[in-house]
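Coordinates as given in final-v7.cif (mmCIF, C-alpha atoms; chains and numbers go by the auth columns):
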```
data_model
#
loop_
_atom_site.group_PDB
_atom_site.id
_atom_site.type_symbol
_atom_site.label_atom_id
_atom_site.label_comp_id
_atom_site.label_asym_id
_atom_site.label_seq_id
_atom_site.Cartn_x
_atom_site.Cartn_y
_atom_site.Cartn_z
_atom_site.B_iso_or_equiv
_atom_site.auth_seq_id
_atom_site.auth_asym_id
ATOM 1 C CA MET A 1 27.343 13.998 15.164 0.00 292 A
ATOM 2 C CA ILE A 2 25.743 10.635 15.937 0.00 293 A
ATOM 3 C CA PHE A 3 23.341 10.943 12.981 0.00 294 A
ATOM 4 C CA LEU A 4 26.344 10.813 10.631 0.00 295 A
ATOM 5 C CA LEU A 5 27.206 7.352 11.962 0.00 296 A
ATOM 6 C CA GLU A 6 23.706 5.931 11.667 0.00 297 A
ATOM 7 C CA GLY A 7 22.606 5.032 8.173 0.00 298 A
ATOM 8 C CA ASN A 8 19.081 5.627 6.934 0.00 299 A
ATOM 9 C CA MET A 9 17.991 2.308 5.448 0.00 300 A
ATOM 10 C CA ASP A 10 14.404 3.226 4.581 0.00 301 A
ATOM 11 C CA GLY A 11 14.792 2.741 0.839 0.00 302 A
ATOM 12 C CA LEU A 12 16.974 -0.368 0.985 0.00 303 A
ATOM 13 C CA GLY A 13 14.142 -2.768 0.119 0.00 304 A
ATOM 14 C CA VAL A 14 13.197 -0.718 -2.938 0.00 305 A
ATOM 15 C CA LEU A 15 16.826 -0.613 -4.041 0.00 306 A
ATOM 16 C CA ILE A 16 17.223 -4.392 -3.750 0.00 307 A
ATOM 17 C CA PHE A 17 13.951 -4.947 -5.620 0.00 308 A
ATOM 18 C CA LEU A 18 15.097 -2.584 -8.383 0.00 309 A
ATOM 19 C CA ILE A 19 18.451 -4.349 -8.731 0.00 310 A
ATOM 20 C CA LEU A 20 16.747 -7.762 -8.881 0.00 311 A
ATOM 21 C CA PHE A 21 14.198 -6.490 -11.405 0.00 312 A
ATOM 22 C CA VAL A 22 16.932 -5.146 -13.662 0.00 313 A
ATOM 23 C CA GLY A 23 18.885 -8.386 -13.278 0.00 314 A
ATOM 24 C CA PHE A 24 16.061 -10.890 -13.730 0.00 315 A
ATOM 25 C CA GLY A 25 12.786 -9.127 -14.581 0.00 316 A
ATOM 26 C CA ILE A 26 13.615 -7.630 -17.954 0.00 317 A
ATOM 27 C CA PRO A 27 15.159 -10.844 -19.397 0.00 318 A
ATOM 28 C CA ILE A 28 12.143 -12.832 -18.179 0.00 319 A
ATOM 29 C CA ILE A 29 9.778 -10.377 -19.874 0.00 320 A
ATOM 30 C CA LEU A 30 11.814 -10.575 -23.102 0.00 321 A
ATOM 31 C CA ALA A 31 11.801 -14.384 -22.952 0.00 322 A
ATOM 32 C CA ILE A 32 8.011 -14.467 -22.467 0.00 323 A
ATOM 33 C CA ILE A 33 7.527 -12.168 -25.457 0.00 324 A
ATOM 34 C CA GLY A 34 9.904 -14.394 -27.444 0.00 325 A
ATOM 35 C CA LEU A 35 7.908 -17.475 -26.440 0.00 326 A
ATOM 36 C CA LEU A 36 4.673 -15.819 -27.546 0.00 327 A
ATOM 37 C CA LEU A 37 6.252 -14.934 -30.887 0.00 328 A
ATOM 38 C CA TRP A 38 7.561 -18.492 -31.224 0.00 329 A
ATOM 39 C CA LEU A 39 4.039 -19.836 -30.781 0.00 330 A
ATOM 40 C CA THR A 40 2.654 -17.443 -33.402 0.00 331 A
ATOM 41 C CA GLU A 41 5.121 -18.740 -36.028 0.00 332 A
ATOM 42 C CA LYS A 42 7.393 -15.667 -36.032 0.00 333 A
ATOM 43 C CA LYS A 43 10.453 -17.755 -35.298 0.00 334 A
ATOM 44 C CA LYS A 44 13.126 -15.330 -36.499 0.00 335 A
ATOM 45 C CA SER A 45 11.900 -12.539 -34.235 0.00 336 A
ATOM 46 C CA ALA A 46 11.595 -15.003 -31.357 0.00 337 A
ATOM 47 C CA LYS A 47 15.203 -16.156 -31.789 0.00 338 A
ATOM 48 C CA ILE A 48 16.395 -12.556 -31.772 0.00 339 A
ATOM 49 C CA LEU A 49 14.488 -11.860 -28.543 0.00 340 A
ATOM 50 C CA PHE A 50 15.875 -15.023 -26.917 0.00 341 A
ATOM 51 C CA ILE A 51 19.413 -13.943 -27.820 0.00 342 A
ATOM 52 C CA ILE A 52 18.826 -10.414 -26.511 0.00 343 A
ATOM 53 C CA ALA A 53 17.358 -11.805 -23.268 0.00 344 A
ATOM 54 C CA THR A 54 20.340 -14.121 -22.762 0.00 345 A
ATOM 55 C CA VAL A 55 22.927 -11.422 -23.426 0.00 346 A
ATOM 56 C CA TYR A 56 21.041 -8.960 -21.196 0.00 347 A
ATOM 57 C CA LEU A 57 20.892 -11.544 -18.407 0.00 348 A
ATOM 58 C CA LEU A 58 24.610 -12.279 -18.588 0.00 349 A
ATOM 59 C CA ILE A 59 25.611 -8.624 -18.649 0.00 350 A
ATOM 60 C CA SER A 60 23.177 -7.519 -15.951 0.00 351 A
ATOM 61 C CA LEU A 61 24.141 -10.348 -13.619 0.00 352 A
ATOM 62 C CA GLY A 62 27.780 -9.490 -14.116 0.00 353 A
ATOM 63 C CA ILE A 63 27.283 -5.807 -13.327 0.00 354 A
ATOM 64 C CA CYS A 64 24.605 -6.146 -10.638 0.00 355 A
ATOM 65 C CA GLY A 65 26.296 -9.195 -9.133 0.00 356 A
ATOM 66 C CA SER A 66 29.531 -7.302 -8.767 0.00 357 A
ATOM 67 C CA MET A 67 27.662 -4.427 -7.097 0.00 358 A
ATOM 68 C CA LEU A 68 25.928 -6.783 -4.642 0.00 359 A
ATOM 69 C CA ILE A 69 29.166 -8.471 -3.615 0.00 360 A
#
```

Hey, can you dump this file as structure tokens for me?
Amino acid sequence: MIFLLEGNMDGLGVLIFLILFVGFGIPIILAIIGLLLWLTEKKKSAKILFIIATVYLLISLGICGSMLI
């Protein structure tokens, strides 16, 4: 019965890393791709990627932030 009270926290670090990657990693990757497109004179595609990265960041921080609190 005691094993029901003790939690197994072996995968907690992986879970936190995954939540942080979804919250910050994907928008950073999209912003880097947008910056590379901006430098290669494809400004319309770069603006679209910047907008997608910003919206993704706001939504993911809202959802993941509410799960972390």

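Pairwise distance (CA of Ser357 (chain A), CA of Val313 (chain A)) equals 13.7 Å.
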
Atomic separation - CA of Phe308 (chain A) relative to CA of Ile343 (chain A), Å: 22.1 Å

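Using all atoms listed in the file, the residues found no farther than 9 Å from Phe315 (chain A), other than those of its own chain fewer than 3 positions away, are Ile310, Leu311, Phe312, Pro318, Ile319, Ile320, Leu348, Ser351 and Leu352 of chain A.
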
Could those residues be written to a file, using C-alpha atoms, as a compact mmCIF listing (two decimals), keeping the file's coordinate frame?
```
# COMPACT_ATOMS: atom_id res chain seq x y z
CA ILE A 310 18.45 -4.35 -8.73
CA LEU A 311 16.75 -7.76 -8.88
CA PHE A 312 14.20 -6.49 -11.40
CA PRO A 318 15.16 -10.84 -19.40
CA ILE A 319 12.14 -12.83 -18.18
CA ILE A 320 9.78 -10.38 -19.87
CA LEU A 348 20.89 -11.54 -18.41
CA SER A 351 23.18 -7.52 -15.95
CA LEU A 352 24.14 -10.35 -13.62
```

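CA of Tyr347 (chain A) is found 16.5 Å from CA of Leu326 (chain A).
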
Close residues, Phe341 (chain A) itself excluded, 6 Å, only C-alpha atoms, min 3 positions apart in chain, as a PyMOL selection string: chain A and resi 322+338+344

Step by step, gather every atom of region 302-310 of chain A that the file lists, find the box along x, y and z that holds them, add 3 Å on each side, and finally give centre and edge lengths in Å to one decimal, as AutoDock Vina command-line options.
```
--center_x 15.8 --center_y -1.1 --center_z -3.9 --size_x 11.3 --size_y 13.7 --size_z 15.7
```
